[in-house]
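File shown: run-v8.cif (mmCIF, C-alpha atoms).
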data_start
loop_
_atom_site.label_atom_id
_atom_site.label_comp_id
_atom_site.auth_asym_id
_atom_site.auth_seq_id
_atom_site.Cartn_x
_atom_site.Cartn_y
_atom_site.Cartn_z
CA MET N 9 -144.55 53.02 199.46
CA THR N 10 -146.58 55.28 201.79
CA LYS N 11 -149.11 57.81 200.52
CA LYS N 12 -146.80 60.60 201.58
CA GLN N 13 -143.91 59.11 199.60
CA ALA N 14 -146.13 58.60 196.59
CA ALA N 15 -147.35 62.19 196.74
CA ALA N 16 -143.78 63.46 196.96
CA ARG N 17 -142.74 61.36 193.98
CA THR N 18 -145.66 62.62 191.94
CA LYS N 19 -144.82 66.18 192.82
CA VAL N 20 -141.21 66.02 191.66
CA GLY N 21 -142.29 64.07 188.57
CA ILE N 22 -141.04 60.90 186.95
CA THR N 23 -139.15 60.22 183.76
CA LEU N 24 -139.87 57.92 180.85
CA ASP N 25 -136.91 55.80 181.93
CA GLN N 26 -138.56 55.31 185.33
CA VAL N 27 -141.82 54.31 183.67
CA VAL N 28 -140.03 51.78 181.46
CA GLY N 29 -138.07 50.46 184.44
CA ALA N 30 -141.29 49.97 186.40
CA ALA N 31 -142.85 48.28 183.38
CA PHE N 32 -140.01 45.76 183.33
CA ASP N 33 -140.51 45.13 187.05
CA VAL N 34 -144.17 44.35 186.36
CA LEU N 35 -143.25 42.20 183.36
CA ASP N 36 -140.63 40.18 185.21
CA ARG N 37 -143.05 39.43 188.05
CA GLY N 38 -146.23 38.70 186.13
CA GLY N 39 -145.46 38.43 182.41
CA VAL N 40 -147.05 40.27 179.50
CA ALA N 41 -150.55 39.40 180.72
CA LYS N 42 -150.05 41.53 183.83
CA LEU N 43 -148.44 44.46 182.02
CA SER N 44 -150.91 47.33 182.25
CA THR N 45 -150.92 51.08 182.79
CA ARG N 46 -152.62 50.52 186.13
CA ALA N 47 -149.94 48.07 187.30
CA ILE N 48 -147.13 50.41 186.23
CA ALA N 49 -148.76 53.34 188.00
CA ALA N 50 -149.11 51.25 191.17
CA GLU N 51 -145.45 50.23 190.90
CA LEU N 52 -144.40 53.90 190.76
CA GLY N 53 -146.99 55.18 193.22
CA VAL N 54 -148.39 57.68 190.71
CA SER N 55 -151.65 58.14 188.84
CA MET N 56 -152.46 56.34 185.60
CA ASN N 57 -152.64 59.74 183.89
CA THR N 58 -149.04 60.41 184.88
CA VAL N 59 -147.94 57.15 183.27
CA MET N 60 -150.01 57.81 180.14
CA TRP N 61 -148.48 61.27 179.79
CA HIS N 62 -145.11 59.58 179.32
CA ILE N 63 -146.02 56.59 177.20
CA ARG N 64 -148.96 58.09 175.20
CA THR N 65 -150.14 54.63 174.11
CA LYS N 66 -149.66 51.02 175.20
CA GLU N 67 -148.12 50.29 171.79
CA ARG N 68 -145.47 52.98 172.30
CA LEU N 69 -144.61 51.53 175.70
CA LEU N 70 -144.17 48.04 174.24
CA ASP N 71 -142.01 49.39 171.41
CA THR N 72 -139.84 51.23 173.93
CA MET N 73 -139.51 48.14 176.09
CA ALA N 74 -138.64 45.94 173.10
CA ASP N 75 -136.01 48.44 172.04
CA ALA N 76 -134.61 48.41 175.59
CA VAL N 77 -134.25 44.61 175.40
CA LEU N 78 -132.30 44.96 172.15
CA GLY N 79 -130.28 47.69 173.84
CA GLU N 80 -128.97 45.15 176.35
CA ILE N 81 -127.03 43.43 173.54
CA ASP N 82 -123.32 44.23 173.36
CA LEU N 83 -122.46 44.88 169.72
CA THR N 84 -118.70 44.90 170.30
CA ASP N 85 -116.04 42.19 170.71
CA LEU N 86 -117.52 39.97 168.02
CA PRO N 87 -115.75 37.08 166.27
CA GLU N 88 -113.91 37.83 163.03
CA SER N 89 -115.76 35.63 160.52
CA TRP N 90 -119.13 36.77 159.21
CA HIS N 91 -120.71 33.41 160.08
CA ASP N 92 -119.53 33.49 163.71
CA GLN N 93 -120.46 37.17 164.03
CA ALA N 94 -124.04 36.50 162.94
CA ALA N 95 -124.35 33.45 165.19
CA GLU N 96 -122.95 35.36 168.17
CA LEU N 97 -125.31 38.30 167.63
CA LEU N 98 -128.33 35.98 167.57
CA GLY N 99 -127.00 34.21 170.68
CA ARG N 100 -126.79 37.54 172.47
CA LEU N 101 -130.33 38.39 171.33
CA ARG N 102 -131.54 35.08 172.72
CA ARG N 103 -129.88 35.68 176.08
CA ALA N 104 -131.25 39.24 176.29
CA MET N 105 -134.81 38.00 175.78
CA LEU N 106 -134.33 35.15 178.26
CA ARG N 107 -133.34 37.66 180.95
CA HIS N 108 -136.95 38.88 181.03
CA ARG N 109 -140.11 36.92 181.61
CA ASP N 110 -141.98 36.71 178.30
CA GLY N 111 -139.07 38.58 176.73
CA ALA N 112 -139.53 36.97 173.32
CA LEU N 113 -143.30 37.50 173.42
CA LEU N 114 -142.68 41.18 174.16
CA VAL N 115 -140.25 41.61 171.27
CA ALA N 116 -142.34 39.52 168.86
CA GLY N 117 -145.40 41.68 169.43
CA THR N 118 -143.66 44.89 168.35
CA PHE N 119 -141.98 46.40 165.31
CA PRO N 120 -139.95 49.27 166.74
CA ALA N 121 -138.02 51.47 164.32
CA GLU N 122 -135.99 52.57 167.34
CA PRO N 123 -132.25 53.32 167.62
CA GLN N 124 -131.12 50.24 169.54
CA THR N 125 -133.18 47.82 167.45
CA LEU N 126 -131.87 49.40 164.26
CA ALA N 127 -128.28 49.26 165.54
CA PHE N 128 -128.60 45.53 166.19
CA THR N 129 -130.18 44.95 162.77
CA ASP N 130 -127.48 47.00 161.07
CA ARG N 131 -124.73 45.00 162.76
CA LEU N 132 -126.35 41.70 161.81
CA LEU N 133 -126.88 42.78 158.20
CA THR N 134 -123.30 44.02 157.94
CA ALA N 135 -122.09 40.54 158.87
CA LEU N 136 -124.53 38.81 156.51
CA LEU N 137 -123.61 41.04 153.58
CA ARG N 138 -120.07 39.69 153.86
CA GLY N 139 -121.12 36.07 153.55
CA CYS N 140 -124.33 35.95 151.50
CA PRO N 141 -124.23 35.88 147.70
CA THR N 142 -126.65 38.81 147.26
CA ARG N 143 -128.07 41.70 149.25
CA ARG N 144 -131.55 40.19 149.04
CA THR N 145 -130.22 36.92 150.49
CA ALA N 146 -128.64 38.86 153.36
CA ALA N 147 -131.83 40.85 154.03
CA TRP N 148 -134.15 37.85 153.94
CA THR N 149 -131.72 35.78 156.01
CA ALA N 150 -131.73 38.48 158.69
CA TRP N 151 -135.50 38.05 158.98
CA ASN N 152 -135.24 34.24 159.01
CA LEU N 153 -132.67 34.33 161.79
CA PHE N 154 -134.63 36.85 163.82
CA TYR N 155 -137.94 35.02 163.63
CA PHE N 156 -136.37 31.62 164.26
CA THR N 157 -134.78 33.03 167.43
CA LEU N 158 -138.03 34.68 168.53
CA GLY N 159 -140.05 31.53 168.00
CA LEU N 160 -137.65 29.21 169.79
CA VAL N 161 -137.29 31.53 172.80
CA GLN N 162 -141.07 31.88 173.01
CA GLU N 163 -141.29 28.10 173.15
CA GLU N 164 -138.56 27.96 175.77
CA GLN N 165 -140.26 30.56 177.95
CA ALA N 166 -143.70 28.95 177.70
CA ALA N 167 -143.14 25.21 177.61
CA PRO N 168 -144.79 23.59 180.65
CA ALA N 169 -144.17 19.88 181.09
CA ASP N 170 -147.89 19.01 181.02
CA ASP N 171 -148.18 20.37 177.46
CA ARG N 172 -145.54 17.88 176.36
CA ASP N 173 -147.26 15.05 178.24
CA ARG N 174 -150.53 15.96 176.51
CA LEU N 175 -148.83 15.97 173.10
CA ARG N 176 -147.29 12.57 173.78
CA ALA N 177 -150.72 11.16 174.76
CA HIS N 178 -152.41 12.55 171.65
CA VAL N 179 -149.73 11.15 169.34
CA ALA N 180 -150.07 7.71 170.94
CA GLU N 181 -153.87 7.82 170.83
CA HIS N 182 -154.27 8.94 167.21
CA HIS N 183 -151.39 6.95 165.72
CA PHE N 184 -149.12 9.44 163.95
CA PRO N 185 -146.22 7.18 162.96
CA GLY N 186 -143.85 9.94 161.81
CA LEU N 187 -144.27 11.91 165.01
CA ASP N 188 -144.12 8.79 167.15
CA SER N 189 -140.80 7.71 165.67
CA ALA N 190 -139.12 11.04 166.40
CA LEU N 191 -141.19 12.31 169.32
CA ASP N 192 -138.40 12.62 171.89
CA ASP N 193 -136.29 14.71 169.52
CA PHE N 194 -139.33 16.66 168.35
CA MET N 195 -140.13 17.64 171.95
CA SER N 196 -136.51 18.17 172.99
CA VAL N 197 -136.04 20.78 175.71
CA ASP N 198 -132.34 21.15 174.88
CA PHE N 199 -133.07 24.62 173.60
CA GLU N 200 -129.42 25.66 173.49
CA ALA N 201 -128.53 22.80 171.14
CA ARG N 202 -131.64 23.36 169.02
CA PHE N 203 -130.78 27.04 168.77
CA ARG N 204 -127.19 26.42 167.67
CA PHE N 205 -128.31 23.84 165.11
CA GLY N 206 -131.03 26.05 163.65
CA ILE N 207 -128.81 29.12 163.37
CA GLY N 208 -126.05 27.08 161.76
CA GLN N 209 -128.50 25.52 159.31
CA ILE N 210 -129.90 28.90 158.23
CA LEU N 211 -126.45 30.44 157.85
CA HIS N 212 -125.15 27.49 155.83
CA SER N 213 -128.09 27.77 153.44
CA ALA N 214 -127.66 31.54 153.19
CA SER N 215 -124.04 31.21 152.15
CA THR N 216 -124.78 28.72 149.37
CA GLU N 217 -128.26 29.58 148.04
CA ALA N 218 -129.23 33.00 146.72
CA ALA N 219 -132.72 34.36 147.26
CA PRO N 220 -134.74 34.57 144.01
CA GLU N 221 -134.69 37.97 142.38
CA HIS N 222 -138.07 37.67 140.69
#

Could you take the file, read its structure, and then write that structure out as structure tokens?
Amino acid sequence: MTKKQAAARTKVGITLDQVVGAAFDVLDRGGVAKLSTRAIAAELGVSMNTVMWHIRTKERLLDTMADAVLGEIDLTDLPESWHDQAAELLGRLRRAMLRHRDGALLVAGTFPAEPQTLAFTDRLLTALLRGCPTRRTAAWTAWNLFYFTLGLVQEEQAAPADDRDRLRAHVAEHHFPGLDSALDDFMSVDFEARFRFGIGQILHSASTEAAPEH
């Protein structure tokens, strides 16, 4: 962008949606570590003050971005059974985060009480309330499912091969027999299969075991 173009853009102003869009461009190129007000301003060709006027704080920007990720999830055309609905919703959450570099890290670092995040949570809880024995079980299961998905996607998005080689070497060197016997499965990079298994395991437990009331 030329200086003349940048000046023209600044003059007509930018919107919050443009700021968030530029933030995702920065995120997808460089990850969360490169996400800064300065980088977003450079992406838009405006001053840092212009960006700050829209986002107010870095925390508000991250909340807005996390909510936008959740907003990419289609909440319609879900399976009929409560179990399949919940599993499908978490699968869609996983795919939404995987579409963005460090997507899970972005979402995990926020707690946005924003419309699209709340809509997803409401849809998930509605499904769980149909299949769990108590409301507390449904509520706590929603958290378990959400954090399991976040954690696994974070691993998937930040799992370089040399980390696994280093783990294998340490296990062999220090003689951890339990780890050694199951190391290939423990380090499995079949994240899709691990995800399906974990979600199914949590949902099965939720349908048969009520959360304690006291």

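Closest approach to N:Arg204 among N:Gly53, N:Gly99, N:Gly38, N:Gly139 is made by N:Gly99 (distances from only C-alpha atoms).
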
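For the residues N:Met195, N:Ala41, N:Ala74, N:Arg172, ranking by smallest atom-to-atom distance to N:Ala116 using only C-alpha atoms places N:Ala74 first.
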
Original post:
What residues come out when you apply the PyMOL selection byres ((chain N and resi 126-130) around 10) to this file, written as a ChimeraX atom specification?
Top reply: /N:75,78-79,81-83,97-98,101,120-125,131-136,147,150-151,154

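Running the PyMOL selection byres ((chain N and resi 207) around 9) on this file leaves Ala94, Ala95, Leu98, Leu153, Phe156, Thr157, Arg202, Phe203, Arg204, Phe205, Gly206, Gly208, Gln209, Ile210, Leu211 and His212 of chain N selected.
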
Subject >> Nearest to N:Val59 by atom-to-atom distance, counting all atoms listed in the file, from N:Val197, N:Leu113, N:Ala31, N:Val179 >> reply: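 Looking only at the distances to N:Val59, the closest residue turns out to be N:Ala31.
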
Original post:
What does the distance between atom CA of N:Phe119 and atom CA of N:Thr23 come to in Å, to one decimal place?
Top reply: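 According to the coordinates, atom CA of N:Phe119 and atom CA of N:Thr23 are separated by 23.2 Å.
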
**OP:** Measure the distance from atom CA of N:Val28 to atom CA of N:Met105 in Å and round it to one decimal.
**Re:**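 Going from atom CA of N:Val28 over to atom CA of N:Met105 covers 15.8 Å.
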
Original post:
Evaluating the PyMOL selection byres ((chain N and resi 33) around 10) on the displayed file yields which residues, as a ChimeraX atom specification?
Top reply: /N:27-32,34-39,43,47-48,51,108-109

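Counting only C-alpha atoms, the residue from N:Glu88, N:Glu221, N:Glu67, N:Glu181 that sits nearest to N:Thr145 is N:Glu221.
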
**OP:** Have a look at N:His183, N:His178, N:Arg143, N:Arg46 and name the one nearest to N:Ala218; count all atoms listed in the file.
**Re:**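 For N:Ala218, the nearest of the given residues is N:Arg143.
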
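Here atom CA of N:Asn152 is placed at a distance of 23.1 Å from atom CA of N:Thr72.
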
Original post:
So which residues are close to (-146.0, 62.7, 178.9), meaning at most 12 Å away in the file's coordinates with all atoms listed in the file counted, and can you show them as a PyMOL selection string?
Top reply: chain N and resi 21-25+27+56-65+68-69

**OP:** Find, counting only C-alpha atoms, the residue in N:Met73, N:Glu96, N:Gln165, N:Thr84 that gets nearest to N:Gln26.
**Re:**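 That would be N:Met73, the residue with the smallest distance to N:Gln26.
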
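Residues surrounding N:Pro141 within 10 Å are Leu136, Leu137, Thr145, Ala146, Ala214, Ser215, Thr216, Glu217, Ala218 and Ala219 of chain N [all atoms listed in the file; sequence separation below 4 positions excluded].
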
Could you give me the axis-aligned bounding box of stretch 85-97 of chain N, with 5 Å of padding per side, as centre plus edge lengths in Å to one decimal, as JSON?
{"center_x": -119.6, "center_y": 37.8, "center_z": 165.0, "size_x": 21.4, "size_y": 18.8, "size_z": 21.5}

**OP:** Write out as a PyMOL selection string each polymer residue whose atoms come within 10 Å of N:Leu106, counting all atoms listed in the file; drop sequence neighbours fewer than 3 positions from it.
**Re:** chain N and resi 77+100-103+109-112+161-162+164-165
